[in-house]
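A.B. asks: Questions regarding the structure given below will be posed in turn.
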Amino acid sequence: MAAGRRAPPEPGGGPVLLQGIFGAGPAPGAAACSLSLTARELQVRRAGGCPGGSAGPDAALRLADCVGSAAFPAAAAAACFSLVCYPLRGPRWGPPARQRLERIFRVSRGPDAEGNLRIAQAWSRRIRELAVPAVPAQDGDSYGVLPRPCHALVLLNPQSGSGRALDDFQAVVQHMLAEADITTTVFITERPHHAHEKVRDEDLSQWDTLVVMSGDGLLFEVVNGLMERPDWKEAMKKPLCILPGGSGNALAASINYYAGYDHVAKKKLLTNCTFILCKGLYTQMDLVSLSTASGKRFFSFLGFGWGFISDVDIDSEKYRWLGSARFTLGTLQCLAKLRVYQGRLSYLPVATEQGSVPAPRDPHAPVTNGHVPQPAGTDAPGSLPPDSLLAPLGQPVPAHWTVVPEEEFVLVYAIYQSHLGTNLLMAPAARLHDGCIHLFYMKAGISRVTLLKLFLAMSRGTHLDLNCPHLCYVPVRAFRLEPRVAAGVMTVDGEALACEPVQGQVHARLCRVLSGS
């Protein structure tokens with residue numbers, strides 16, 4: 001059957017869109033094979049097999065695993081087309097990992113070099129079109145796909161984690177992006193807030209996506225730099241991508257989890273996240289606005305913490321060279337000197353907030369995002385979204401809020417993603433745009449043994465199944481934490497904050513992120 005002609009439906013793959021006989025490799029003497037292209041896969045059979053028969057193909061390359069295809073001239077007036085896939089392949093034990101698979105097919109239909117190249121280009125173009133992920137239609141404009149060709153700004157911190165981010169980018173990421181027709185401009189940060197300043201001040205119109213190759217802290221800089229722009233509403237439509245290059249890599253692990261992949265770490269996680277970028281499917285993500293008593297305002301994508309978890313995060317900074325193992329060592333050290341923190345915790349539960357009247361804000365209470373004063377609760381051009389669920393920090397919380405009766409805590413953590421770290425599945429029910437803050441707090445009186453058991457169970461996401469009376473979990477829209485004294489470490493997205501009264505509320509679908517699902 002001539003290339004480009006439709007064929008009868010194929011078992012398991014849908015109707016055949018293109019079919020032809022080509023060389024199974026770039027060499028002139030390559031054995032012939034029969035190719036059938038459907039909407040879901042490229043089926044490969046030995047020449048002489050019956051494409052319409054009941055027997056399956058010798059190989060079926062899933063287009064969902066394909067990141068790119070190219071056509072190019074070959075010797076003796078022939079042409080070739082290729083496709084590059086990253087199928088999941090696993091050992092007999094352990095989770096599967098994406099492994100590169102490239103197949104090249106030779107087109108040689110006579111001495112017409114241009115004609116052969118046109119056939120190769122037609123197959124390559126159709127493969128690329130079919131490899132584009134389908135955009136879910138049931139959720140409005142929540143999803144999109146990066147254009148091709150695609151231009152990406154990569155913000156990379158070479159000092160993050162164990163210091164291998166640049167090496168891993170060059171060894172794993174760079175060639176995958178080239179195969180997917182994604183060109184990159186690499187910006188290497190040299191100091192704290194460097195990425196913040198870059199995205200705040202730069203003309204971003206030349207890039208289709210902003211890629212962060214680092215830990216979660218650098219993405220925190222990027223998000224808040226974007227929110228300081230006068231055109232922040234437009235800037236936040238630029239899809240963000242996280243590639244794990246730090247120690248915790250919580251958002252990368254969460255996105256891997258949302259995509260339905262098995263738990264992996266290190267280069268396997270990096271390959272999965274790079275594959276998600278290559279496929280180009282993005283969705284919206286909630287952010288949480290955090291306001292402090294000193295007048296600062298931040299936008300957070302991961303979580304806010306006080307107590308044990310924050311202590312582990314900050315105290316283990318000196319072991320950064322250990323990578324993610326620093327958190328294991330930090331946990332053991334903080335268990336040995338377990339502290340109790342005193343304060344008042346209040347929150348607006350999800351169920352209560354529905355149908356309630358938002359609390360008024362004090363229009364005279366200035367709030368800063370980083371260093372730039374912003375009008376609170378106004379609709380002026382460029383004004384940030386108002387925290388309509390929050391009363392000013394100097395006033396009591398609204399009457400329909402819940403105030404926790406206990407005022408002694410081992411930890412308080414408000415998380416908006418599933419993972420607290422690569423190996424910590426803290427909120428299995430969390431999703432990128434669920435409009436929810438997953439609030440955990442642990443009351444004083446818990447033993448060290450029980451606390452350790454909870455964290456070991458958290459690696460599997462089963463800590464709530466232990467029904468520990470000291471651990472409480474509630475989904476909320478907003479919260480307030482008021483320490484009695486400025487004791488302990490507070491963190492936002494893994495970055496340290498001064499200990500002071502803090503409150504926050506979720507803002508639904510405020511930015512976009514490469515998601516894979």
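In the structure tokens, chains take the letters A, B, ... in the order shown, each chain's residues start at 1, and ligands count up from 1 in the order shown.
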Please list as a compact mmCIF listing (two decimals) with N, CA and C atoms, in the first residue's frame every residue within 6 Å of A:His438, counting only C-alpha atoms and excluding residues in the same chain fewer than 5 positions away.

C.D. replies:
# COMPACT_ATOMS: atom_id res chain seq x y z
N ALA A 414 1.36 23.79 56.83
CA ALA A 414 0.30 24.01 55.84
C ALA A 414 0.90 23.70 54.47
N ILE A 415 0.48 22.62 53.86
CA ILE A 415 1.05 22.17 52.59
C ILE A 415 -0.02 22.19 51.50
N TYR A 416 0.39 22.51 50.29
CA TYR A 416 -0.57 22.59 49.17
C TYR A 416 -0.23 21.61 48.05
N PRO A 475 -8.48 20.08 55.92
CA PRO A 475 -8.37 20.90 54.71
C PRO A 475 -9.01 22.27 54.96

A.B. asks: Would you pick out the contacts of A:Cys499 at 10 Å or less, using only C-alpha atoms, so that residues sharing its chain but fewer than 6 positions from it are not included, and give the list as number ranges by chain?

C.D. replies: A: 292-293, 306, 482-483, 485-491

A.B. asks: Could you save the residues just selected, with N, CA and C atoms, as a compact mmCIF listing (two decimals), in the first residue's frame?

C.D. replies:
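That gives us selection08.txt:
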# COMPACT_ATOMS: atom_id res chain seq x y z
N THR A 292 2.74 38.66 56.82
CA THR A 292 3.38 38.61 58.14
C THR A 292 3.07 39.88 58.92
N ALA A 293 3.28 39.81 60.23
CA ALA A 293 3.01 40.96 61.09
C ALA A 293 3.92 42.14 60.77
N TRP A 306 6.21 25.59 60.71
CA TRP A 306 6.76 26.08 61.98
C TRP A 306 6.94 24.88 62.88
N GLU A 482 -0.13 32.47 65.36
CA GLU A 482 0.38 33.57 66.19
C GLU A 482 1.25 33.00 67.30
N PRO A 483 2.57 32.96 67.09
CA PRO A 483 3.46 32.46 68.15
C PRO A 483 3.39 33.37 69.38
N VAL A 485 5.90 33.72 71.53
CA VAL A 485 7.20 34.39 71.52
C VAL A 485 7.89 34.05 70.20
N ALA A 486 8.84 34.86 69.83
CA ALA A 486 9.56 34.65 68.57
C ALA A 486 10.58 33.53 68.74
N ALA A 487 10.08 32.30 68.84
CA ALA A 487 10.95 31.13 69.04
C ALA A 487 10.72 30.14 67.91
N GLY A 488 11.79 29.50 67.50
CA GLY A 488 11.68 28.49 66.45
C GLY A 488 11.86 29.07 65.07
N VAL A 489 11.90 28.19 64.11
CA VAL A 489 12.13 28.55 62.72
C VAL A 489 10.83 28.43 61.95
N MET A 490 10.53 29.44 61.15
CA MET A 490 9.44 29.35 60.18
C MET A 490 10.03 29.23 58.79
N THR A 491 9.34 28.50 57.93
CA THR A 491 9.80 28.35 56.56
C THR A 491 8.63 28.52 55.60

A.B. asks: For A:Ser346, which residue among A:Arg480, A:Phe308, A:Thr328, A:Asn272 is the nearest when counting only C-alpha atoms?

C.D. replies: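 Between A:Arg480, A:Phe308, A:Thr328, A:Asn272, the residue approaching A:Ser346 most closely is A:Arg480.
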
A.B. asks: Among stretch 199-427 of chain A, which ones does DSSP place in helix (DSSP H, G or I), written as a VMD selection string?

C.D. replies: chain A and resid 199 to 201 204 to 206 216 to 227 232 to 235 250 to 258 266 to 279 308 to 322 325 to 336 350 to 353

A.B. asks: Give the answer as one residue: which of A:Pro15, A:Pro239, A:Gly215, A:Pro95 has the shortest atom-to-atom distance to A:His151, using only C-alpha atoms?

C.D. replies: A:Pro239

A.B. asks: Using DSSP on the backbone, list every residue of stretch 39-192 of chain A that comes out as strand (DSSP E), and give them as a ChimeraX atom specification.

C.D. replies: /A:41-46,59-62,66-73,79-85,88-89,97-98,101-107,143-145,150-156,182-188

A.B. asks: Taking into account only C-alpha atoms, which residue in the set A:Met442, A:Val404, A:Ile182, A:Ala171 is nearest to A:Pro149?

C.D. replies: A:Ile182

A.B. asks: Can you tell me, as a PyMOL selection string, what residues are no more than 12 Å from A:Val223 when counting only C-alpha atoms, ignoring any on the same chain fewer than 3 positions away?

C.D. replies: chain A and resi 193+195-200+210-212+216-220+226-229+232-233+235-242+285-289+298-302+369-370+493+510-513

A.B. asks: Those selected residues, please, written with N, CA and C atoms and delivered as a CSV table (one decimal), in the first residue's frame.

C.D. replies:
chain,number,residue,atom,x,y,z
A,193,HIS,N,18.5,35.7,45.3
A,193,HIS,CA,17.6,36.7,44.7
A,193,HIS,C,18.0,37.0,43.2
A,195,ALA,N,17.6,35.1,40.5
A,195,ALA,CA,16.5,34.6,39.7
A,195,ALA,C,15.3,35.5,39.9
A,196,HIS,N,15.1,36.0,41.1
A,196,HIS,CA,14.0,36.9,41.5
A,196,HIS,C,14.1,38.1,40.6
A,197,GLU,N,15.3,38.7,40.6
A,197,GLU,CA,15.5,40.0,39.9
A,197,GLU,C,15.4,39.7,38.4
A,198,LYS,N,15.9,38.6,37.9
A,198,LYS,CA,15.9,38.3,36.5
A,198,LYS,C,14.4,38.3,35.9
A,199,VAL,N,13.6,37.5,36.6
A,199,VAL,CA,12.2,37.4,36.0
A,199,VAL,C,11.4,38.6,36.3
A,200,ARG,N,11.7,39.4,37.4
A,200,ARG,CA,11.0,40.6,37.7
A,200,ARG,C,11.2,41.7,36.6
A,210,LEU,N,9.3,29.1,31.5
A,210,LEU,CA,10.4,29.3,32.4
A,210,LEU,C,10.6,28.0,33.1
A,211,VAL,N,11.9,27.5,33.0
A,211,VAL,CA,12.2,26.2,33.6
A,211,VAL,C,13.2,26.5,34.8
A,212,VAL,N,12.9,25.9,35.9
A,212,VAL,CA,13.8,26.1,37.1
A,212,VAL,C,14.5,24.7,37.3
A,216,ASP,N,13.4,23.7,45.5
A,216,ASP,CA,12.1,24.5,45.6
A,216,ASP,C,12.4,25.9,45.8
A,217,GLY,N,13.5,26.3,46.5
A,217,GLY,CA,13.7,27.6,46.9
A,217,GLY,C,13.9,28.6,45.7
A,218,LEU,N,14.5,28.1,44.6
A,218,LEU,CA,14.6,28.9,43.4
A,218,LEU,C,13.3,29.2,42.7
A,219,LEU,N,12.4,28.2,42.7
A,219,LEU,CA,11.1,28.5,42.2
A,219,LEU,C,10.3,29.5,43.0
A,220,PHE,N,10.5,29.5,44.4
A,220,PHE,CA,9.9,30.5,45.2
A,220,PHE,C,10.4,31.9,44.8
A,226,LEU,N,7.9,37.2,39.6
A,226,LEU,CA,6.9,37.4,38.6
A,226,LEU,C,5.7,38.2,39.3
A,227,MET,N,5.4,37.9,40.5
A,227,MET,CA,4.3,38.6,41.2
A,227,MET,C,4.6,40.1,41.5
A,228,GLU,N,5.9,40.5,41.4
A,228,GLU,CA,6.3,41.9,41.6
A,228,GLU,C,6.2,42.7,40.3
A,229,ARG,N,6.0,42.1,39.2
A,229,ARG,CA,5.9,42.8,37.9
A,229,ARG,C,4.6,43.6,37.8
A,232,TRP,N,1.9,41.4,36.2
A,232,TRP,CA,2.0,40.1,36.8
A,232,TRP,C,0.9,39.1,36.3
A,233,LYS,N,-0.2,39.7,36.0
A,233,LYS,CA,-1.3,38.8,35.5
A,233,LYS,C,-0.9,38.1,34.2
A,235,ALA,N,2.3,37.8,33.1
A,235,ALA,CA,3.5,37.1,33.3
A,235,ALA,C,3.2,35.7,34.0
A,236,MET,N,2.2,35.6,34.8
A,236,MET,CA,1.8,34.4,35.5
A,236,MET,C,1.1,33.4,34.5
A,237,LYS,N,0.8,33.8,33.3
A,237,LYS,CA,0.3,32.9,32.3
A,237,LYS,C,1.4,32.1,31.7
A,238,LYS,N,2.7,32.5,31.9
A,238,LYS,CA,3.8,31.8,31.3
A,238,LYS,C,4.0,30.5,32.1
A,239,PRO,N,3.9,29.4,31.4
A,239,PRO,CA,4.0,28.1,32.2
A,239,PRO,C,5.4,27.9,32.8
A,240,LEU,N,5.4,27.5,34.0
A,240,LEU,CA,6.6,27.2,34.8
A,240,LEU,C,6.9,25.7,34.8
A,241,CYS,N,8.1,25.4,34.9
A,241,CYS,CA,8.5,23.9,34.9
A,241,CYS,C,9.6,23.8,36.0
A,242,ILE,N,9.4,22.7,36.8
A,242,ILE,CA,10.5,22.4,37.8
A,242,ILE,C,11.2,21.2,37.4
A,285,MET,N,-2.1,26.1,38.6
A,285,MET,CA,-1.7,25.7,40.0
A,285,MET,C,-2.1,26.8,41.0
A,286,ASP,N,-2.6,26.4,42.1
A,286,ASP,CA,-3.0,27.3,43.2
A,286,ASP,C,-1.7,27.9,43.8
A,287,LEU,N,-1.8,29.1,44.3
A,287,LEU,CA,-0.8,29.7,45.1
A,287,LEU,C,-1.4,30.2,46.4
A,288,VAL,N,-0.6,30.3,47.5
A,288,VAL,CA,-1.1,30.8,48.8
A,288,VAL,C,-0.4,32.1,49.1
A,289,SER,N,-1.2,33.1,49.4
A,289,SER,CA,-0.7,34.4,49.8
A,289,SER,C,-0.4,34.4,51.3
A,298,PHE,N,4.1,37.3,50.7
A,298,PHE,CA,4.8,36.3,49.8
A,298,PHE,C,3.7,35.5,49.1
A,299,PHE,N,4.1,34.9,48.0
A,299,PHE,CA,3.2,33.9,47.3
A,299,PHE,C,4.0,32.6,47.3
A,300,SER,N,3.3,31.6,47.8
A,300,SER,CA,3.9,30.3,48.1
A,300,SER,C,3.2,29.2,47.3
A,301,PHE,N,4.0,28.3,46.7
A,301,PHE,CA,3.4,27.2,45.9
A,301,PHE,C,3.5,25.8,46.6
A,302,LEU,N,4.2,25.7,47.7
A,302,LEU,CA,4.5,24.4,48.4
A,302,LEU,C,4.0,24.3,49.8
A,369,ASN,N,5.0,42.9,48.9
A,369,ASN,CA,5.4,41.6,48.3
A,369,ASN,C,6.9,41.7,48.1
A,370,GLY,N,7.7,41.1,48.9
A,370,GLY,CA,9.1,41.3,48.9
A,370,GLY,C,9.5,42.7,49.3
A,493,ASP,N,8.1,27.5,51.6
A,493,ASP,CA,8.7,26.7,50.4
A,493,ASP,C,10.2,26.4,50.7
A,510,LEU,N,-3.6,30.5,40.2
A,510,LEU,CA,-3.0,31.8,40.0
A,510,LEU,C,-1.8,31.7,39.0
A,511,CYS,N,-1.3,30.5,38.8
A,511,CYS,CA,-0.2,30.3,37.8
A,511,CYS,C,-0.3,29.1,37.0
A,512,ARG,N,0.6,28.8,36.1
A,512,ARG,CA,0.6,27.6,35.3
A,512,ARG,C,1.8,26.8,35.4
A,513,VAL,N,1.7,25.5,35.4
A,513,VAL,CA,2.9,24.7,35.6
A,513,VAL,C,2.8,23.4,34.7

A.B. asks: Excluding A:Arg484 and any residue of its chain fewer than 4 positions from it, enumerate the residues within 12 Å of it, using only C-alpha atoms, and give them as a ChimeraX atom specification.

C.D. replies: /A:340-345,407-409,488,499-501

A.B. asks: Dump C-alpha atoms for the selected residues as a PDB file, in the first residue's frame?

C.D. replies:
ATOM      1  CA  VAL A 340       7.618  22.357  71.913  1.00  0.00           C
ATOM      2  CA  TYR A 341       6.375  25.677  70.539  1.00  0.00           C
ATOM      3  CA  GLN A 342       3.620  27.830  71.998  1.00  0.00           C
ATOM      4  CA  GLY A 343       1.170  29.776  69.881  1.00  0.00           C
ATOM      5  CA  ARG A 344      -2.403  30.130  68.671  1.00  0.00           C
ATOM      6  CA  LEU A 345      -3.541  28.416  65.464  1.00  0.00           C
ATOM      7  CA  GLU A 407      -1.572  26.135  72.221  1.00  0.00           C
ATOM      8  CA  GLU A 408       1.469  23.856  72.485  1.00  0.00           C
ATOM      9  CA  PHE A 409       2.700  22.258  69.264  1.00  0.00           C
ATOM     10  CA  GLY A 488      11.682  28.491  66.453  1.00  0.00           C
ATOM     11  CA  CYS A 499       9.282  33.937  63.569  1.00  0.00           C
ATOM     12  CA  GLU A 500       6.252  36.239  63.823  1.00  0.00           C
ATOM     13  CA  PRO A 501       2.461  36.097  63.344  1.00  0.00           C
TER      14      PRO A 501
END

A.B. asks: Which residues are near A:Leu290? Cut-off 6 Å, only C-alpha atoms, ignore same chain within fewer than 4 positions. Put them as a PyMOL selection string.

C.D. replies: chain A and resi 297-298+503-504

A.B. asks: Find the residues around A:Gly29 up to 10 Å (only C-alpha atoms counted), leave out those fewer than 5 positions away in its own chain, and share them as number ranges by chain.

C.D. replies: A: 23-24, 106

A.B. asks: Take the residues from that selection and put them in a file with C-alpha atoms, as a tab-separated table (two decimals), in the first residue's frame.

C.D. replies:
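Listing of again05.tsv after writing:
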chain	number	residue	atom	x	y	z
A	23	GLY	CA	14.19	0.09	5.54
A	24	ALA	CA	14.50	-0.76	9.23
A	106	ARG	CA	14.94	4.59	5.44

A.B. asks: Contacts of A:Val476 at 6 Å or less, counting only C-alpha atoms, minus same-chain residues fewer than 6 places along, as a list in words?

C.D. replies: Leu348, Pro349, Val350, Cys436 and Ile437 of chain A

A.B. asks: Just give me the gap between atom CA of A:Leu439 and atom CA of A:Leu464 in Å, one decimal is fine.

C.D. replies: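 Atom-to-atom, atom CA of A:Leu439 and atom CA of A:Leu464 are spaced 12.7 Å apart.
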
A.B. asks: From the options A:Ile127, A:Met176, A:Ala70, A:Cys273, which residue's atoms come nearest to A:Ala97, counting only C-alpha atoms?

C.D. replies: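 Closest to A:Ala97, using only C-alpha atoms: A:Cys273.
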